[in-house]
file run-v3.txt (compact mmCIF, C-alpha atoms and all ligand atoms)
# COMPACT_ATOMS: atom_id res chain seq x y z
CA MET A 1323 0.00 0.00 0.00
CA GLU A 1324 1.17 3.52 -0.74
CA THR A 1325 0.31 6.77 0.91
CA THR A 1326 -0.63 9.82 -1.11
CA SER A 1327 1.94 12.57 -1.20
CA PHE A 1328 0.45 15.91 -2.05
CA ASP A 1329 2.07 18.14 -4.61
CA THR A 1330 -0.32 21.08 -4.66
CA ASP A 1331 1.16 24.45 -3.70
CA LEU A 1332 -1.98 25.59 -1.99
CA SER A 1333 -2.33 25.46 1.75
CA LEU A 1334 -3.63 22.12 2.87
CA PHE A 1335 -4.80 23.22 6.27
CA LYS A 1336 -7.93 25.27 6.15
CA TYR A 1337 -8.07 26.01 9.86
CA ASP A 1338 -5.23 27.61 11.72
CA HIS A 1339 -6.25 26.70 15.27
CA LEU A 1340 -4.50 23.36 14.99
CA GLU A 1341 -4.10 21.69 18.33
CA GLN A 1342 -1.40 19.08 18.41
CA LEU A 1343 -1.91 15.81 20.18
CA PRO A 1344 -0.55 16.08 23.74
CA ALA A 1345 2.56 13.94 24.34
CA ALA A 1346 0.72 11.71 26.82
CA TYR A 1347 -1.56 10.47 23.99
CA ARG A 1348 1.08 9.82 21.35
CA ASP A 1349 2.09 6.27 22.17
CA LEU A 1350 -1.13 4.69 23.40
CA GLU A 1351 -1.38 1.02 22.53
CA GLU A 1352 -4.61 -0.40 21.12
CA PRO A 1353 -5.88 -2.32 24.20
CA GLU A 1354 -5.50 0.70 26.53
CA ARG A 1355 -6.90 3.05 23.91
CA GLU A 1356 -9.93 0.83 23.34
CA GLU A 1357 -10.68 0.79 27.07
CA ARG A 1358 -10.35 4.54 27.34
CA ILE A 1359 -12.49 5.28 24.27
CA THR A 1360 -15.20 2.95 25.56
CA ALA A 1361 -15.09 4.53 29.04
CA ALA A 1362 -15.26 8.07 27.63
CA ARG A 1363 -18.15 7.17 25.35
CA GLU A 1364 -20.03 5.63 28.28
CA ALA A 1365 -19.47 8.77 30.34
CA LEU A 1366 -20.66 11.01 27.50
CA GLY A 1367 -23.66 8.81 26.61
CA ASP A 1368 -26.11 10.47 24.23
CA ASP A 1369 -24.19 13.75 24.31
CA VAL A 1370 -21.97 12.53 21.49
CA VAL A 1371 -22.62 11.02 18.10
CA LEU A 1372 -19.55 9.66 16.33
CA LEU A 1373 -19.60 9.62 12.52
CA GLY A 1374 -17.05 7.60 10.56
CA HIS A 1375 -16.44 8.05 6.83
CA ASN A 1376 -16.03 4.86 4.81
CA TYR A 1377 -12.31 5.66 4.32
CA GLN A 1378 -11.47 5.79 8.03
CA ARG A 1379 -9.31 3.15 9.64
CA ARG A 1380 -10.75 0.07 11.30
CA GLU A 1381 -9.92 1.40 14.79
CA ILE A 1382 -12.12 4.41 14.07
CA VAL A 1383 -15.07 2.85 12.22
CA GLU A 1384 -15.39 0.20 14.93
CA HIS A 1385 -16.39 2.96 17.34
CA ALA A 1386 -18.62 4.90 14.95
CA ASP A 1387 -22.37 5.21 15.51
CA PHE A 1388 -22.77 5.65 11.77
CA ILE A 1389 -20.48 4.75 8.90
CA GLY A 1390 -21.17 6.12 5.43
CA ASP A 1391 -20.37 8.50 2.60
CA SER A 1392 -19.91 12.21 3.10
CA TYR A 1393 -23.49 13.12 2.31
CA GLN A 1394 -25.10 10.35 4.39
CA LEU A 1395 -22.99 11.31 7.39
CA SER A 1396 -24.00 14.96 7.18
CA LYS A 1397 -27.62 13.85 7.18
CA HIS A 1398 -26.98 11.73 10.27
CA ALA A 1399 -25.40 14.78 11.89
CA ALA A 1400 -28.49 16.86 11.08
CA ASP A 1401 -30.83 14.16 12.42
CA ALA A 1402 -28.85 13.69 15.63
CA ASP A 1403 -30.02 15.33 18.84
CA ALA A 1404 -26.57 15.04 20.41
CA PRO A 1405 -24.96 18.36 21.37
CA TYR A 1406 -21.60 17.05 20.09
CA VAL A 1407 -20.95 15.56 16.67
CA ILE A 1408 -17.49 14.05 16.30
CA PHE A 1409 -16.76 13.74 12.59
CA ALA A 1410 -14.10 11.20 11.70
CA GLY A 1411 -13.54 12.38 8.15
CA VAL A 1412 -11.97 15.43 6.51
CA THR A 1413 -12.48 19.16 7.00
CA PHE A 1414 -15.03 19.78 4.24
CA MET A 1415 -17.21 17.00 5.66
CA ALA A 1416 -17.10 18.45 9.18
CA GLU A 1417 -17.91 21.87 7.70
CA SER A 1418 -20.91 20.46 5.87
CA ALA A 1419 -22.07 18.87 9.12
CA ASP A 1420 -21.69 22.23 10.89
CA ILE A 1421 -23.69 23.95 8.14
CA ILE A 1422 -26.65 21.62 8.41
CA THR A 1423 -26.73 20.95 12.16
CA ASP A 1424 -28.54 23.24 14.63
CA ASP A 1425 -26.65 26.21 16.02
CA ASP A 1426 -26.49 24.63 19.46
CA GLN A 1427 -24.68 21.54 18.14
CA THR A 1428 -20.89 21.51 18.09
CA VAL A 1429 -18.92 19.67 15.41
CA ILE A 1430 -15.47 18.32 16.28
CA LEU A 1431 -12.86 17.10 13.79
CA PRO A 1432 -10.41 15.05 15.90
CA SER A 1433 -7.39 16.24 13.89
CA MET A 1434 -7.38 19.58 12.10
CA GLU A 1435 -4.75 18.23 9.71
CA ALA A 1436 -7.36 16.09 7.96
CA SER A 1437 -7.73 18.39 4.95
CA CYS A 1438 -8.67 16.96 1.55
CA PRO A 1439 -6.12 18.22 -0.99
CA MET A 1440 -8.65 18.17 -3.80
CA ALA A 1441 -10.87 20.60 -1.87
CA GLY A 1442 -7.76 22.78 -1.49
CA MET A 1443 -7.28 22.86 -5.28
CA ALA A 1444 -10.17 25.31 -5.66
CA GLU A 1445 -9.82 28.01 -3.05
CA ALA A 1446 -12.61 30.59 -3.07
CA LEU A 1447 -10.26 33.54 -3.65
CA GLN A 1448 -8.71 31.85 -6.66
CA VAL A 1449 -12.15 30.91 -8.00
CA ASP A 1450 -13.22 34.55 -7.65
CA VAL A 1451 -10.42 35.58 -9.98
CA ALA A 1452 -11.20 32.80 -12.44
CA TRP A 1453 -14.91 33.66 -12.36
CA ALA A 1454 -14.14 37.21 -13.49
CA GLU A 1455 -12.02 35.86 -16.38
CA ILE A 1456 -14.55 33.20 -17.40
CA THR A 1457 -17.61 35.45 -17.27
CA ALA A 1458 -15.74 38.09 -19.27
CA ALA A 1459 -15.24 35.53 -22.05
CA THR A 1460 -18.95 35.06 -22.79
CA ASP A 1461 -22.37 36.67 -22.43
CA ALA A 1462 -23.84 33.27 -21.62
CA ASN A 1463 -25.32 32.62 -18.18
CA ILE A 1464 -22.88 30.37 -16.30
CA ILE A 1465 -24.00 28.33 -13.31
CA PRO A 1466 -21.24 27.19 -10.93
CA ILE A 1467 -21.55 23.74 -9.36
CA THR A 1468 -19.20 22.60 -6.67
CA TYR A 1469 -18.68 19.03 -5.59
CA MET A 1470 -19.30 18.33 -1.92
CA ASN A 1471 -15.50 17.97 -1.66
CA SER A 1472 -14.95 21.70 -1.36
CA TYR A 1473 -14.79 24.24 1.44
CA ALA A 1474 -17.73 26.19 2.79
CA ASP A 1475 -16.58 29.49 1.25
CA LEU A 1476 -16.71 27.95 -2.24
CA LYS A 1477 -20.15 26.48 -1.54
CA ALA A 1478 -21.22 29.98 -0.46
CA PHE A 1479 -19.74 31.46 -3.66
CA CYS A 1480 -21.74 28.99 -5.78
CA ALA A 1481 -24.95 29.91 -3.96
CA GLU A 1482 -24.29 33.61 -4.52
CA GLN A 1483 -23.80 33.03 -8.25
CA GLY A 1484 -27.01 31.02 -8.61
CA GLY A 1485 -25.32 27.63 -8.37
CA LEU A 1486 -25.37 24.62 -6.09
CA VAL A 1487 -23.51 21.71 -4.53
CA CYS A 1488 -23.58 18.10 -5.68
CA THR A 1489 -22.25 14.74 -4.54
CA SER A 1490 -20.87 11.97 -6.69
CA SER A 1491 -24.32 10.35 -6.73
CA ASN A 1492 -26.35 13.34 -7.89
CA ALA A 1493 -23.88 15.29 -10.07
CA HIS A 1494 -25.86 14.49 -13.24
CA ARG A 1495 -29.06 15.84 -11.68
CA ALA A 1496 -27.22 18.99 -10.52
CA PHE A 1497 -26.02 19.53 -14.11
CA GLU A 1498 -29.58 19.13 -15.39
CA TRP A 1499 -30.81 21.60 -12.77
CA ALA A 1500 -28.16 24.08 -13.89
CA PHE A 1501 -28.90 23.71 -17.61
CA GLU A 1502 -32.58 24.36 -16.91
CA ARG A 1503 -31.53 27.74 -15.49
CA GLY A 1504 -28.43 28.72 -17.44
CA ASP A 1505 -26.39 28.11 -20.59
CA LYS A 1506 -23.09 26.81 -19.23
CA VAL A 1507 -21.75 25.04 -16.14
CA LEU A 1508 -18.51 25.70 -14.31
CA PHE A 1509 -17.79 22.52 -12.35
CA LEU A 1510 -15.29 22.47 -9.47
CA PRO A 1511 -13.00 21.08 -8.25
CA ASP A 1512 -12.90 17.51 -9.64
CA LYS A 1513 -12.36 17.41 -13.41
CA HIS A 1514 -12.82 13.63 -13.53
CA LEU A 1515 -16.23 13.66 -11.86
CA GLY A 1516 -17.12 16.54 -14.18
CA GLU A 1517 -16.00 14.66 -17.26
CA ASN A 1518 -17.72 11.45 -16.19
CA THR A 1519 -20.93 13.40 -15.62
CA ALA A 1520 -20.68 15.09 -19.04
CA TYR A 1521 -20.40 11.64 -20.67
CA ARG A 1522 -23.37 10.39 -18.70
CA LEU A 1523 -25.39 13.30 -20.10
CA GLY A 1524 -24.10 12.79 -23.66
CA MET A 1525 -22.28 16.17 -23.50
CA GLU A 1526 -18.73 14.90 -23.91
CA ASP A 1527 -18.09 17.22 -26.87
CA ASP A 1528 -19.04 20.24 -24.78
CA ILE A 1529 -16.13 20.03 -22.34
CA VAL A 1530 -13.29 22.50 -21.90
CA GLU A 1531 -10.77 22.54 -19.03
CA TRP A 1532 -9.82 25.63 -17.05
CA ASP A 1533 -6.45 25.32 -15.36
CA PRO A 1534 -5.91 28.27 -13.00
CA TRP A 1535 -2.20 27.39 -12.78
CA ASP A 1536 -1.61 27.41 -16.54
CA PRO A 1537 -2.18 30.73 -18.38
CA GLU A 1538 -2.20 28.88 -21.74
CA SER A 1539 -5.20 26.76 -20.83
CA LYS A 1540 -7.28 29.83 -19.98
CA ASP A 1541 -8.64 30.39 -23.46
CA PRO A 1542 -11.67 32.75 -23.59
CA ALA A 1543 -12.58 31.55 -27.10
CA LYS A 1544 -12.83 27.95 -25.90
CA VAL A 1545 -14.96 28.99 -22.93
CA ALA A 1546 -17.32 30.73 -25.33
CA GLU A 1547 -17.54 27.60 -27.51
CA HIS A 1548 -18.12 24.97 -24.81
CA ASP A 1549 -20.94 24.50 -22.31
CA ILE A 1550 -19.12 22.58 -19.58
CA ILE A 1551 -16.05 24.20 -18.04
CA LEU A 1552 -14.06 21.86 -15.82
CA TRP A 1553 -11.74 23.14 -13.11
CA GLU A 1554 -8.34 21.44 -13.11
CA GLY A 1555 -8.68 19.59 -9.80
CA TYR A 1556 -8.37 15.88 -9.06
CA CYS A 1557 -8.01 13.32 -6.29
CA GLN A 1558 -4.58 11.76 -6.18
CA VAL A 1559 -5.93 8.58 -4.62
CA HIS A 1560 -8.39 7.94 -7.47
CA GLU A 1561 -6.22 9.25 -10.32
CA ARG A 1562 -3.90 6.39 -9.50
CA PHE A 1563 -6.15 3.75 -11.05
CA ARG A 1564 -5.47 2.74 -14.64
CA VAL A 1565 -7.25 0.57 -17.22
CA SER A 1566 -4.26 -1.81 -16.98
CA HIS A 1567 -5.27 -2.54 -13.35
CA ILE A 1568 -8.71 -3.61 -14.56
CA GLU A 1569 -7.21 -5.72 -17.36
CA GLN A 1570 -4.84 -7.39 -14.93
CA ILE A 1571 -7.52 -8.21 -12.38
CA ARG A 1572 -9.74 -9.67 -15.13
CA GLU A 1573 -6.86 -11.78 -16.34
CA GLU A 1574 -6.07 -13.10 -12.87
CA HIS A 1575 -9.74 -13.46 -11.85
CA PRO A 1576 -11.85 -14.03 -14.98
CA ASP A 1577 -15.08 -13.90 -12.95
CA ALA A 1578 -14.20 -10.57 -11.31
CA GLN A 1579 -16.43 -7.54 -11.62
CA VAL A 1580 -15.09 -4.07 -11.05
CA VAL A 1581 -16.66 -1.16 -9.17
CA VAL A 1582 -14.97 2.25 -9.12
CA HIS A 1583 -15.57 5.73 -7.71
CA PRO A 1584 -16.44 8.48 -10.25
CA GLU A 1585 -13.36 10.44 -9.16
CA CYS A 1586 -11.43 7.93 -11.29
CA ARG A 1587 -10.23 8.83 -14.80
CA ARG A 1588 -12.74 8.61 -17.64
CA GLU A 1589 -11.19 5.53 -19.26
CA VAL A 1590 -11.18 3.66 -15.93
CA VAL A 1591 -14.85 4.44 -15.35
CA GLU A 1592 -15.62 3.29 -18.88
CA ALA A 1593 -13.80 -0.01 -18.38
CA ALA A 1594 -15.45 -0.76 -15.01
CA ASP A 1595 -18.71 -2.67 -14.52
CA VAL A 1596 -20.19 -0.30 -11.95
CA VAL A 1597 -19.41 3.29 -10.98
CA GLY A 1598 -20.66 5.06 -7.87
CA SER A 1599 -20.09 6.86 -4.60
CA THR A 1600 -18.63 5.06 -1.62
CA SER A 1601 -22.14 4.12 -0.50
CA THR A 1602 -22.88 2.64 -3.95
CA ILE A 1603 -19.63 0.67 -3.70
CA CYS A 1604 -20.73 -0.64 -0.27
CA GLU A 1605 -24.19 -1.57 -1.58
CA THR A 1606 -22.70 -3.33 -4.61
CA VAL A 1607 -20.68 -5.66 -2.40
CA ALA A 1608 -23.51 -6.08 0.14
CA ASP A 1609 -25.84 -7.18 -2.68
CA ALA A 1610 -23.33 -9.60 -4.23
CA ASP A 1611 -23.96 -13.35 -4.16
CA PRO A 1612 -21.69 -15.51 -2.01
CA GLY A 1613 -18.62 -16.49 -4.02
CA ASP A 1614 -18.81 -13.45 -6.32
CA THR A 1615 -15.58 -11.52 -6.89
CA TRP A 1616 -15.56 -7.72 -6.78
CA ALA A 1617 -12.51 -5.54 -7.35
CA ILE A 1618 -12.77 -2.18 -5.59
CA GLY A 1619 -11.41 0.97 -7.22
CA THR A 1620 -11.32 3.40 -4.35
CA GLU A 1621 -9.38 4.22 -1.19
CA ILE A 1622 -7.79 1.13 0.30
CA HIS A 1623 -9.40 1.25 3.77
CA LEU A 1624 -12.86 0.86 2.26
CA ALA A 1625 -11.71 -2.16 0.24
CA ARG A 1626 -10.39 -3.71 3.46
CA HIS A 1627 -13.56 -2.93 5.42
CA LEU A 1628 -15.65 -4.55 2.69
CA ALA A 1629 -13.52 -7.68 2.79
CA ARG A 1630 -14.03 -7.84 6.58
CA TRP A 1631 -17.74 -7.00 6.50
CA HIS A 1632 -18.54 -9.46 3.68
CA PRO A 1633 -16.35 -12.54 4.06
CA GLU A 1634 -18.75 -14.47 1.77
CA VAL A 1635 -17.69 -12.23 -1.16
CA ASN A 1636 -14.22 -12.27 -2.66
CA VAL A 1637 -13.28 -8.59 -2.29
CA LEU A 1638 -10.06 -7.42 -3.92
CA PRO A 1639 -8.39 -4.01 -4.04
CA LEU A 1640 -8.29 -2.99 -7.72
CA CYS A 1641 -4.56 -2.39 -7.83
CA GLY A 1642 -3.42 -4.71 -5.04
CA ASP A 1643 -0.59 -3.36 -2.90
CA ALA A 1644 -0.32 -0.29 -5.12
CA CYS A 1645 -3.71 0.96 -3.92
CA MET A 1646 -3.45 4.09 -1.86
CA ASP A 1647 -4.71 5.26 1.43
CA CYS A 1648 -5.85 8.87 1.72
CA ASN A 1649 -3.32 10.77 3.73
CA ALA A 1650 -5.95 13.33 4.77
CA MET A 1651 -8.31 10.67 6.14
CA ARG A 1652 -5.40 8.99 7.84
CA GLN A 1653 -4.77 12.07 10.00
CA ILE A 1654 -7.68 10.93 12.17
CA ASP A 1655 -5.47 8.88 14.40
CA PRO A 1656 -7.36 6.86 17.03
CA ASN A 1657 -5.20 8.53 19.68
CA TYR A 1658 -6.68 11.87 18.60
CA LEU A 1659 -10.13 10.36 19.00
CA THR A 1660 -9.24 9.25 22.55
CA TRP A 1661 -8.01 12.74 23.34
CA VAL A 1662 -11.03 14.70 22.05
CA LEU A 1663 -13.40 12.30 23.82
CA GLU A 1664 -11.57 12.48 27.16
CA GLU A 1665 -11.37 16.26 26.88
CA LEU A 1666 -15.14 16.40 26.37
CA VAL A 1667 -15.61 14.28 29.49
CA GLU A 1668 -13.66 17.01 31.31
CA GLY A 1669 -15.88 19.68 29.73
CA ARG A 1670 -13.29 20.95 27.23
CA GLU A 1671 -14.01 21.22 23.51
CA ARG A 1672 -11.04 20.58 21.21
CA ASN A 1673 -10.72 21.05 17.46
CA VAL A 1674 -14.14 22.54 16.88
CA ILE A 1675 -15.09 23.26 13.26
CA GLU A 1676 -17.17 26.38 13.03
CA VAL A 1677 -18.10 27.91 9.70
CA ALA A 1678 -18.42 31.73 9.76
CA PRO A 1679 -22.13 32.72 10.06
CA GLU A 1680 -22.42 34.61 6.74
CA GLU A 1681 -20.66 31.79 4.87
CA LYS A 1682 -22.78 29.24 6.64
CA GLU A 1683 -26.04 30.83 5.57
CA LEU A 1684 -25.07 30.95 1.90
CA ALA A 1685 -23.46 27.51 1.85
CA ARG A 1686 -26.70 26.20 3.31
CA VAL A 1687 -28.56 27.65 0.31
CA ALA A 1688 -26.24 25.74 -2.06
CA LEU A 1689 -26.79 22.52 -0.09
CA ASP A 1690 -30.56 23.06 0.02
CA ARG A 1691 -30.60 23.50 -3.76
CA MET A 1692 -28.87 20.17 -4.02
CA LEU A 1693 -31.68 18.59 -2.01
CA GLU A 1694 -34.14 19.93 -4.59
CA VAL A 1695 -32.55 18.10 -7.54
P1 LIG A 1701 -18.12 9.89 -0.98
O1 LIG A 1701 -18.92 11.14 -0.94
O2 LIG A 1701 -18.50 8.96 -2.07
O3 LIG A 1701 -18.09 9.26 0.37
O4 LIG A 1701 -16.62 10.28 -1.36
C1 LIG A 1701 -15.91 11.17 -0.62
C2 LIG A 1701 -14.52 11.21 -1.06
O5 LIG A 1701 -13.72 11.90 -0.50
C3 LIG A 1701 -14.13 10.41 -2.21
O6 LIG A 1701 -12.78 10.53 -2.43
FE1 LIG A 1702 -9.97 14.05 -0.83
FE2 LIG A 1702 -9.31 12.04 -2.47
FE3 LIG A 1702 -8.98 11.80 0.18
FE4 LIG A 1702 -11.43 11.81 -0.92
S1 LIG A 1702 -9.81 10.26 -1.18
S2 LIG A 1702 -10.79 12.91 0.91
S3 LIG A 1702 -11.13 13.30 -2.58
S4 LIG A 1702 -7.91 13.22 -1.19

call {"tool": "encode", "arguments": {"input": "run-v3.txt", "output": "structure tokens"}}
result
Amino acid sequence: METTSFDTDLSLFKYDHLEQLPAAYRDLEEPEREERITAAREALGDDVVLLGHNYQRREIVEHADFIGDSYQLSKHAADADAPYVIFAGVTFMAESADIITDDDQTVILPSMEASCPMAGMAEALQVDVAWAEITAATDANIIPITYMNSYADLKAFCAEQGGLVCTSSNAHRAFEWAFERGDKVLFLPDKHLGENTAYRLGMEDDIVEWDPWDPESKDPAKVAEHDIILWEGYCQVHERFRVSHIEQIREEHPDAQVVVHPECRREVVEAADVVGSTSTICETVADADPGDTWAIGTEIHLARHLARWHPEVNVLPLCGDACMDCNAMRQIDPNYLTWVLEELVEGRERNVIEVAPEEKELARVALDRMLEV
């Protein structure tokens, strides 16, 4: 297994009130940690709901009240009555939970270093500049759509400009919503999800890329000619998969079927049998017949969970040992979880994610529009 190394120049850490793990928590061994997490959770009772994204490590998901994809977990956060929501995921997910929970609920991200680099590839300030350039290139009405994997300020920007948020499962519906109201779509930050969605809608000839780091790619004439403008962002974990991985798995396991996340490259999605969000990937394996073989094209921890949760199915990581873990997700170390829980028992809140009120209100509009589609 390999770990992602991030090569973007943009700041990875959205929040600057990083609190490091105290020395006393750094070397906890699993048996002691398990006991302490269980004791803290018992002491806190219904005051805490713990959400675990599908990509979290086993030691985290085993303690989660709910495990799921980013959107499902935000909904669980909104439905929870608990005053504290501990989100074992990445910053944009905890922000989304803060946006849709009540004002008297507090969202905690155990480690502030858990920042998705793809979300950091479209920073609101940079998008502001690009928006001015793109809108100057055409008189057409452009609707911005941001993927859930983005920060609250970009979600707020999209709302302000008449746009919305989407997830990997409803991106096509968000595009349709936008084309009912405008002429063109600017999709951020994941170019692969954008391209895969354009193909799904039969609009593959309408795509143009906008690379904010490359002056040559910013061609106003091309923007005027195409209806789908894709921001040059990507997930390094999913970009890793290649068609050759699918060919190899089919050669080694002729009965294997392949399911991949839509953040994968176009040709990988085309070669796979099923494409879908992490919850679709989970459902695909859950619905498989005993003895079926499924190769999983997404972050490695989910492939491992699925193999554990469904021993009757032959679950394989799509690229074997070369599959990657997400370095951002991995920042949620179980020792951090122990620390934030024990601090709450003592009445101290650590690593709280709080979206600024004006941003929160607008971002909420973009999320609500998504619920309409
Ligand atoms: P899901 O919304 O499918 O859980 O995906 C989140 C993510 O970060 C994928 O890389
Ligand atoms: Fe971000 Fe990719 Fe990690 Fe998902 S897997 S959180 S998109 S870096």

call {"tool": "closest_residue", "arguments": {"input": "run-v3.txt", "among": "A:Met1470, A:Val1597, A:Leu1431, A:Ala1459", "to": "Ser1392 of chain A", "atoms": "only C-alpha atoms"}}
result
A:Met1470

call {"tool": "closest_residue", "arguments": {"input": "run-v3.txt", "among": "A:Thr1468, A:Asn1518, A:Thr1413, A:Thr1660", "to": "ligand LIG 1702 (chain A)", "atoms": "only C-alpha atoms and all ligand atoms"}}
result
A:Thr1413

call {"tool": "residues_around", "arguments": {"input": "run-v3.txt", "residues": "Arg1562 of chain A", "least_positions_apart": "5", "cutoff": "9 Å", "atoms": "all atoms listed in the file", "output": "PyMOL selection string"}}
result
chain A and resi 1557+1586-1587+1641+1644-1646

call {"tool": "residues_around", "arguments": {"input": "run-v3.txt", "residues": "segment 1434-1438 of chain A", "least_positions_apart": "3", "cutoff": "8 Å", "atoms": "all atoms listed in the file", "output": "list in words"}}
result
Leu1334, Phe1335, Lys1336, Tyr1337, His1339, Leu1340, Glu1341, Gly1411, Val1412, Thr1413, Phe1414, Leu1431, Ala1441, Gly1442, Asn1471, Asn1649, Ala1650, Met1651, Arg1652, Gln1653, Ile1654 and Asn1673 of chain A

call {"tool": "closest_residue", "arguments": {"input": "run-v3.txt", "among": "A:Ile1422, A:Ile1675, A:Ala1610, A:Leu1624", "to": "ligand LIG 1702 (chain A)", "atoms": "only C-alpha atoms and all ligand atoms"}}
result
A:Leu1624

call {"tool": "atom_distance", "arguments": {"input": "run-v3.txt", "atom1": "atom CA of Phe1388 of chain A", "atom2": "atom CA of Ala1402 of chain A"}}
result
10.8 Å

call {"tool": "atom_distance", "arguments": {"input": "run-v3.txt", "atom1": "atom CA of Ile1568 of chain A", "atom2": "atom CA of Leu1638 of chain A"}}
result
11.4 Å

call {"tool": "closest_atom_pairs", "arguments": {"input": "run-v3.txt", "of": "chain A", "to": "ligand LIG 1701 (chain A)", "cutoff": "8 Å", "atoms": "only C-alpha atoms and all ligand atoms", "output": "JSON lines"}}
result
{"residue": "A:His1375", "atom": "CA", "partner": "A:LIG1701", "partner_atom": "O3", "distance": 6.8}
{"residue": "A:Asn1376", "atom": "CA", "partner": "A:LIG1701", "partner_atom": "O3", "distance": 6.6}
{"residue": "A:Tyr1377", "atom": "CA", "partner": "A:LIG1701", "partner_atom": "O3", "distance": 7.9}
{"residue": "A:Gly1390", "atom": "CA", "partner": "A:LIG1701", "partner_atom": "O3", "distance": 6.7}
{"residue": "A:Asp1391", "atom": "CA", "partner": "A:LIG1701", "partner_atom": "O3", "distance": 3.3}
{"residue": "A:Ser1392", "atom": "CA", "partner": "A:LIG1701", "partner_atom": "O1", "distance": 4.3}
{"residue": "A:Tyr1393", "atom": "CA", "partner": "A:LIG1701", "partner_atom": "O1", "distance": 5.9}
{"residue": "A:Cys1438", "atom": "CA", "partner": "A:LIG1701", "partner_atom": "O5", "distance": 7.4}
{"residue": "A:Met1470", "atom": "CA", "partner": "A:LIG1701", "partner_atom": "O1", "distance": 7.3}
{"residue": "A:Asn1471", "atom": "CA", "partner": "A:LIG1701", "partner_atom": "O5", "distance": 6.4}
{"residue": "A:Thr1489", "atom": "CA", "partner": "A:LIG1701", "partner_atom": "O1", "distance": 6.1}
{"residue": "A:Ser1490", "atom": "CA", "partner": "A:LIG1701", "partner_atom": "O2", "distance": 6.0}
{"residue": "A:Ser1491", "atom": "CA", "partner": "A:LIG1701", "partner_atom": "O2", "distance": 7.6}
{"residue": "A:Cys1557", "atom": "CA", "partner": "A:LIG1701", "partner_atom": "O6", "distance": 6.7}
{"residue": "A:Val1559", "atom": "CA", "partner": "A:LIG1701", "partner_atom": "O6", "distance": 7.5}
{"residue": "A:His1560", "atom": "CA", "partner": "A:LIG1701", "partner_atom": "O6", "distance": 7.2}
{"residue": "A:His1583", "atom": "CA", "partner": "A:LIG1701", "partner_atom": "O2", "distance": 7.1}
{"residue": "A:Glu1585", "atom": "CA", "partner": "A:LIG1701", "partner_atom": "O6", "distance": 6.8}
{"residue": "A:Gly1598", "atom": "CA", "partner": "A:LIG1701", "partner_atom": "O2", "distance": 7.3}
{"residue": "A:Ser1599", "atom": "CA", "partner": "A:LIG1701", "partner_atom": "O2", "distance": 3.7}
{"residue": "A:Thr1600", "atom": "CA", "partner": "A:LIG1701", "partner_atom": "O2", "distance": 3.9}
{"residue": "A:Ser1601", "atom": "CA", "partner": "A:LIG1701", "partner_atom": "O2", "distance": 6.3}
{"residue": "A:Thr1602", "atom": "CA", "partner": "A:LIG1701", "partner_atom": "O2", "distance": 7.9}
{"residue": "A:Thr1620", "atom": "CA", "partner": "A:LIG1701", "partner_atom": "O6", "distance": 7.5}
{"residue": "A:Glu1621", "atom": "CA", "partner": "A:LIG1701", "partner_atom": "O6", "distance": 7.3}
